[in-house]
Amino acid sequence: MGADQAVKGYQAEVVELLPSAAYRLRLENEDTVVAHAAGAAVKNFMRLRPGDRVRVELSPRDKTRGRIVALLAKL
């Protein structure tokens, strides 16, 4: 990945659980993306449910796809 393909990080809310360990998320700007759990989320068996707040990194090539990198604390 080059410098021109920087990964963007956003906060999002889980809207729907999809097959194949994918999730539909709503970003803060009301856009929807499909994301999968990655890194520590997979290693620590994070269980995500609709309504959970997560940090997601969007793909530099496809802005509708991303990976969940962290579960945020509940307020």
# chains A, B, ... in the order shown; residues from 1 in each chain; ligands from 1
call {"tool": "closest_atom_pairs", "arguments": {"of": "stretch 9-35 of chain A", "to": "stretch 68-73 of chain A", "cutoff": "10 Å", "atoms": "only C-alpha atoms", "output": "JSON lines"}}
result
{"residue": "A:Gly9", "atom": "CA", "partner": "A:Val69", "partner_atom": "CA", "distance": 9.2}
{"residue": "A:Tyr10", "atom": "CA", "partner": "A:Ile68", "partner_atom": "CA", "distance": 9.7}
{"residue": "A:Gln11", "atom": "CA", "partner": "A:Leu72", "partner_atom": "CA", "distance": 8.5}
{"residue": "A:Ala12", "atom": "CA", "partner": "A:Ile68", "partner_atom": "CA", "distance": 9.3}
{"residue": "A:Glu13", "atom": "CA", "partner": "A:Leu72", "partner_atom": "CA", "distance": 9.7}
{"residue": "A:Ala22", "atom": "CA", "partner": "A:Ile68", "partner_atom": "CA", "distance": 9.7}
{"residue": "A:Tyr23", "atom": "CA", "partner": "A:Ile68", "partner_atom": "CA", "distance": 9.0}
{"residue": "A:Leu25", "atom": "CA", "partner": "A:Ile68", "partner_atom": "CA", "distance": 9.6}
{"residue": "A:Val34", "atom": "CA", "partner": "A:Ile68", "partner_atom": "CA", "distance": 9.8}
{"residue": "A:Ala35", "atom": "CA", "partner": "A:Ile68", "partner_atom": "CA", "distance": 6.3}
call {"tool": "residues_around", "arguments": {"residues": "A:Ala37", "least_positions_apart": "2", "cutoff": "12 Å", "atoms": "only C-alpha atoms", "output": "PyMOL selection string"}}
result
chain A and resi 14+17-18+20-25+34-35+39-48+54-57+65-71
call {"tool": "select_by_dssp", "arguments": {"residues": "chain A", "states": "helix (DSSP H, G or I)", "output": "NGL selection string"}}
result
:A and (40-43)
call {"tool": "residues_around", "arguments": {"residues": "A:Thr64", "least_positions_apart": "5", "cutoff": "8 Å", "atoms": "only C-alpha atoms", "output": "PDB file with N, CA, C and O atoms, in the first residue's frame"}}
result
ATOM      1  N   THR A  32     -23.589   3.751   4.502  1.00  0.00           N
ATOM      2  CA  THR A  32     -23.555   2.365   4.954  1.00  0.00           C
ATOM      3  C   THR A  32     -22.420   1.639   4.248  1.00  0.00           C
ATOM      4  O   THR A  32     -22.154   1.879   3.070  1.00  0.00           O
ATOM      5  N   VAL A  33     -21.762   0.760   4.990  1.00  0.00           N
ATOM      6  CA  VAL A  33     -20.667  -0.043   4.453  1.00  0.00           C
ATOM      7  C   VAL A  33     -20.836  -1.473   4.941  1.00  0.00           C
ATOM      8  O   VAL A  33     -21.518  -1.732   5.925  1.00  0.00           O
ATOM      9  N   VAL A  34     -20.198  -2.408   4.240  1.00  0.00           N
ATOM     10  CA  VAL A  34     -20.142  -3.802   4.662  1.00  0.00           C
ATOM     11  C   VAL A  34     -18.715  -4.056   5.131  1.00  0.00           C
ATOM     12  O   VAL A  34     -17.759  -3.721   4.436  1.00  0.00           O
ATOM     13  N   LEU A  58     -11.839   1.920   6.232  1.00  0.00           N
ATOM     14  CA  LEU A  58     -12.389   1.701   4.901  1.00  0.00           C
ATOM     15  C   LEU A  58     -11.284   1.377   3.910  1.00  0.00           C
ATOM     16  O   LEU A  58     -10.163   1.874   4.018  1.00  0.00           O
ATOM     17  N   SER A  59     -11.625   0.564   2.941  1.00  0.00           N
ATOM     18  CA  SER A  59     -10.697   0.208   1.884  1.00  0.00           C
ATOM     19  C   SER A  59     -10.404   1.442   1.029  1.00  0.00           C
ATOM     20  O   SER A  59     -11.320   2.189   0.687  1.00  0.00           O
TER      21      SER A  59
END
call {"tool": "atom_distance", "arguments": {"atom1": "atom CA of A:Pro50", "atom2": "atom CA of A:Val15"}}
result
5.0 Å
call {"tool": "select_by_dssp", "arguments": {"residues": "chain A", "states": "strand (DSSP E)", "output": "number ranges by chain"}}
result
A: 8-18, 22-27, 32-37, 53-58, 65-71
call {"tool": "write_last_selection", "arguments": {"atoms": "N, CA and C atoms", "output": "mmCIF file, in the first residue's frame"}}
result
data_model
loop_
_atom_site.group_PDB
_atom_site.id
_atom_site.type_symbol
_atom_site.label_atom_id
_atom_site.label_comp_id
_atom_site.auth_asym_id
_atom_site.auth_seq_id
_atom_site.Cartn_x
_atom_site.Cartn_y
_atom_site.Cartn_z
ATOM 1 N N LYS A 8 -8.554 5.132 5.761
ATOM 2 C CA LYS A 8 -9.343 6.077 6.548
ATOM 3 C C LYS A 8 -10.041 5.332 7.671
ATOM 4 N N GLY A 9 -9.970 5.874 8.879
ATOM 5 C CA GLY A 9 -10.634 5.283 10.030
ATOM 6 C C GLY A 9 -11.865 6.082 10.434
ATOM 7 N N TYR A 10 -12.953 5.402 10.776
ATOM 8 C CA TYR A 10 -14.211 6.040 11.140
ATOM 9 C C TYR A 10 -14.836 5.302 12.310
ATOM 10 N N GLN A 11 -15.779 5.973 12.984
ATOM 11 C CA GLN A 11 -16.604 5.314 13.973
ATOM 12 C C GLN A 11 -17.920 4.964 13.297
ATOM 13 N N ALA A 12 -18.468 3.817 13.676
ATOM 14 C CA ALA A 12 -19.697 3.357 13.039
ATOM 15 C C ALA A 12 -20.534 2.567 14.039
ATOM 16 N N GLU A 13 -21.773 2.304 13.647
ATOM 17 C CA GLU A 13 -22.684 1.504 14.453
ATOM 18 C C GLU A 13 -23.098 0.281 13.655
ATOM 19 N N VAL A 14 -23.105 -0.885 14.311
ATOM 20 C CA VAL A 14 -23.521 -2.122 13.652
ATOM 21 C C VAL A 14 -25.034 -2.061 13.433
ATOM 22 N N VAL A 15 -25.457 -2.260 12.194
ATOM 23 C CA VAL A 15 -26.873 -2.202 11.843
ATOM 24 C C VAL A 15 -27.441 -3.598 11.647
ATOM 25 N N GLU A 16 -26.662 -4.476 11.001
ATOM 26 C CA GLU A 16 -27.184 -5.794 10.631
ATOM 27 C C GLU A 16 -26.049 -6.809 10.584
ATOM 28 N N LEU A 17 -26.347 -8.031 11.011
ATOM 29 C CA LEU A 17 -25.403 -9.137 10.895
ATOM 30 C C LEU A 17 -25.669 -9.841 9.575
ATOM 31 N N LEU A 18 -24.623 -10.069 8.800
ATOM 32 C CA LEU A 18 -24.746 -10.706 7.490
ATOM 33 C C LEU A 18 -24.061 -12.072 7.509
ATOM 34 N N ALA A 22 -19.847 -11.148 8.185
ATOM 35 C CA ALA A 22 -19.827 -9.773 7.700
ATOM 36 C C ALA A 22 -20.886 -8.973 8.457
ATOM 37 N N TYR A 23 -20.715 -7.663 8.472
ATOM 38 C CA TYR A 23 -21.611 -6.771 9.196
ATOM 39 C C TYR A 23 -21.939 -5.571 8.327
ATOM 40 N N ARG A 24 -23.182 -5.102 8.404
ATOM 41 C CA ARG A 24 -23.546 -3.853 7.740
ATOM 42 C C ARG A 24 -23.450 -2.766 8.804
ATOM 43 N N LEU A 25 -22.701 -1.704 8.494
ATOM 44 C CA LEU A 25 -22.449 -0.628 9.438
ATOM 45 C C LEU A 25 -22.984 0.690 8.904
ATOM 46 N N ARG A 26 -23.374 1.576 9.832
ATOM 47 C CA ARG A 26 -23.768 2.938 9.465
ATOM 48 C C ARG A 26 -22.700 3.868 10.034
ATOM 49 N N LEU A 27 -22.031 4.595 9.142
ATOM 50 C CA LEU A 27 -20.999 5.537 9.559
ATOM 51 C C LEU A 27 -21.637 6.782 10.165
ATOM 52 N N THR A 32 -23.589 3.751 4.502
ATOM 53 C CA THR A 32 -23.555 2.365 4.954
ATOM 54 C C THR A 32 -22.420 1.639 4.248
ATOM 55 N N VAL A 33 -21.762 0.760 4.990
ATOM 56 C CA VAL A 33 -20.667 -0.043 4.453
ATOM 57 C C VAL A 33 -20.836 -1.473 4.941
ATOM 58 N N VAL A 34 -20.198 -2.408 4.240
ATOM 59 C CA VAL A 34 -20.142 -3.802 4.662
ATOM 60 C C VAL A 34 -18.715 -4.056 5.131
ATOM 61 N N ALA A 35 -18.585 -4.625 6.336
ATOM 62 C CA ALA A 35 -17.255 -4.818 6.902
ATOM 63 C C ALA A 35 -17.148 -6.195 7.545
ATOM 64 N N HIS A 36 -15.911 -6.650 7.714
ATOM 65 C CA HIS A 36 -15.638 -7.905 8.417
ATOM 66 C C HIS A 36 -14.697 -7.596 9.581
ATOM 67 N N ALA A 37 -14.712 -8.445 10.584
ATOM 68 C CA ALA A 37 -13.842 -8.266 11.739
ATOM 69 C C ALA A 37 -12.414 -8.650 11.354
ATOM 70 N N ARG A 53 -21.073 0.069 18.913
ATOM 71 C CA ARG A 53 -20.241 1.079 18.270
ATOM 72 C C ARG A 53 -18.862 0.476 18.021
ATOM 73 N N VAL A 54 -18.334 0.659 16.811
ATOM 74 C CA VAL A 54 -17.048 0.083 16.431
ATOM 75 C C VAL A 54 -16.201 1.125 15.694
ATOM 76 N N ARG A 55 -14.892 0.869 15.633
ATOM 77 C CA ARG A 55 -13.997 1.656 14.783
ATOM 78 C C ARG A 55 -13.727 0.821 13.548
ATOM 79 N N VAL A 56 -13.885 1.431 12.382
ATOM 80 C CA VAL A 56 -13.756 0.708 11.117
ATOM 81 C C VAL A 56 -12.787 1.455 10.210
ATOM 82 N N GLU A 57 -12.010 0.709 9.459
ATOM 83 C CA GLU A 57 -11.111 1.271 8.454
ATOM 84 C C GLU A 57 -11.667 0.913 7.090
ATOM 85 N N LEU A 58 -11.839 1.920 6.232
ATOM 86 C CA LEU A 58 -12.389 1.701 4.901
ATOM 87 C C LEU A 58 -11.284 1.377 3.910
ATOM 88 N N ARG A 65 -16.610 -0.974 1.417
ATOM 89 C CA ARG A 65 -16.079 -2.154 2.107
ATOM 90 C C ARG A 65 -15.089 -1.701 3.179
ATOM 91 N N GLY A 66 -15.015 -2.453 4.263
ATOM 92 C CA GLY A 66 -14.083 -2.084 5.316
ATOM 93 C C GLY A 66 -13.803 -3.241 6.247
ATOM 94 N N ARG A 67 -13.008 -2.951 7.282
ATOM 95 C CA ARG A 67 -12.699 -3.960 8.299
ATOM 96 C C ARG A 67 -12.849 -3.336 9.681
ATOM 97 N N ILE A 68 -13.433 -4.087 10.586
ATOM 98 C CA ILE A 68 -13.656 -3.627 11.950
ATOM 99 C C ILE A 68 -12.369 -3.896 12.726
ATOM 100 N N VAL A 69 -11.819 -2.848 13.336
ATOM 101 C CA VAL A 69 -10.549 -2.997 14.047
ATOM 102 C C VAL A 69 -10.709 -2.910 15.551
ATOM 103 N N ALA A 70 -11.818 -2.348 16.059
ATOM 104 C CA ALA A 70 -11.985 -2.250 17.504
ATOM 105 C C ALA A 70 -13.449 -2.068 17.855
ATOM 106 N N LEU A 71 -13.809 -2.587 19.030
ATOM 107 C CA LEU A 71 -15.129 -2.370 19.614
ATOM 108 C C LEU A 71 -14.990 -1.209 20.578
#
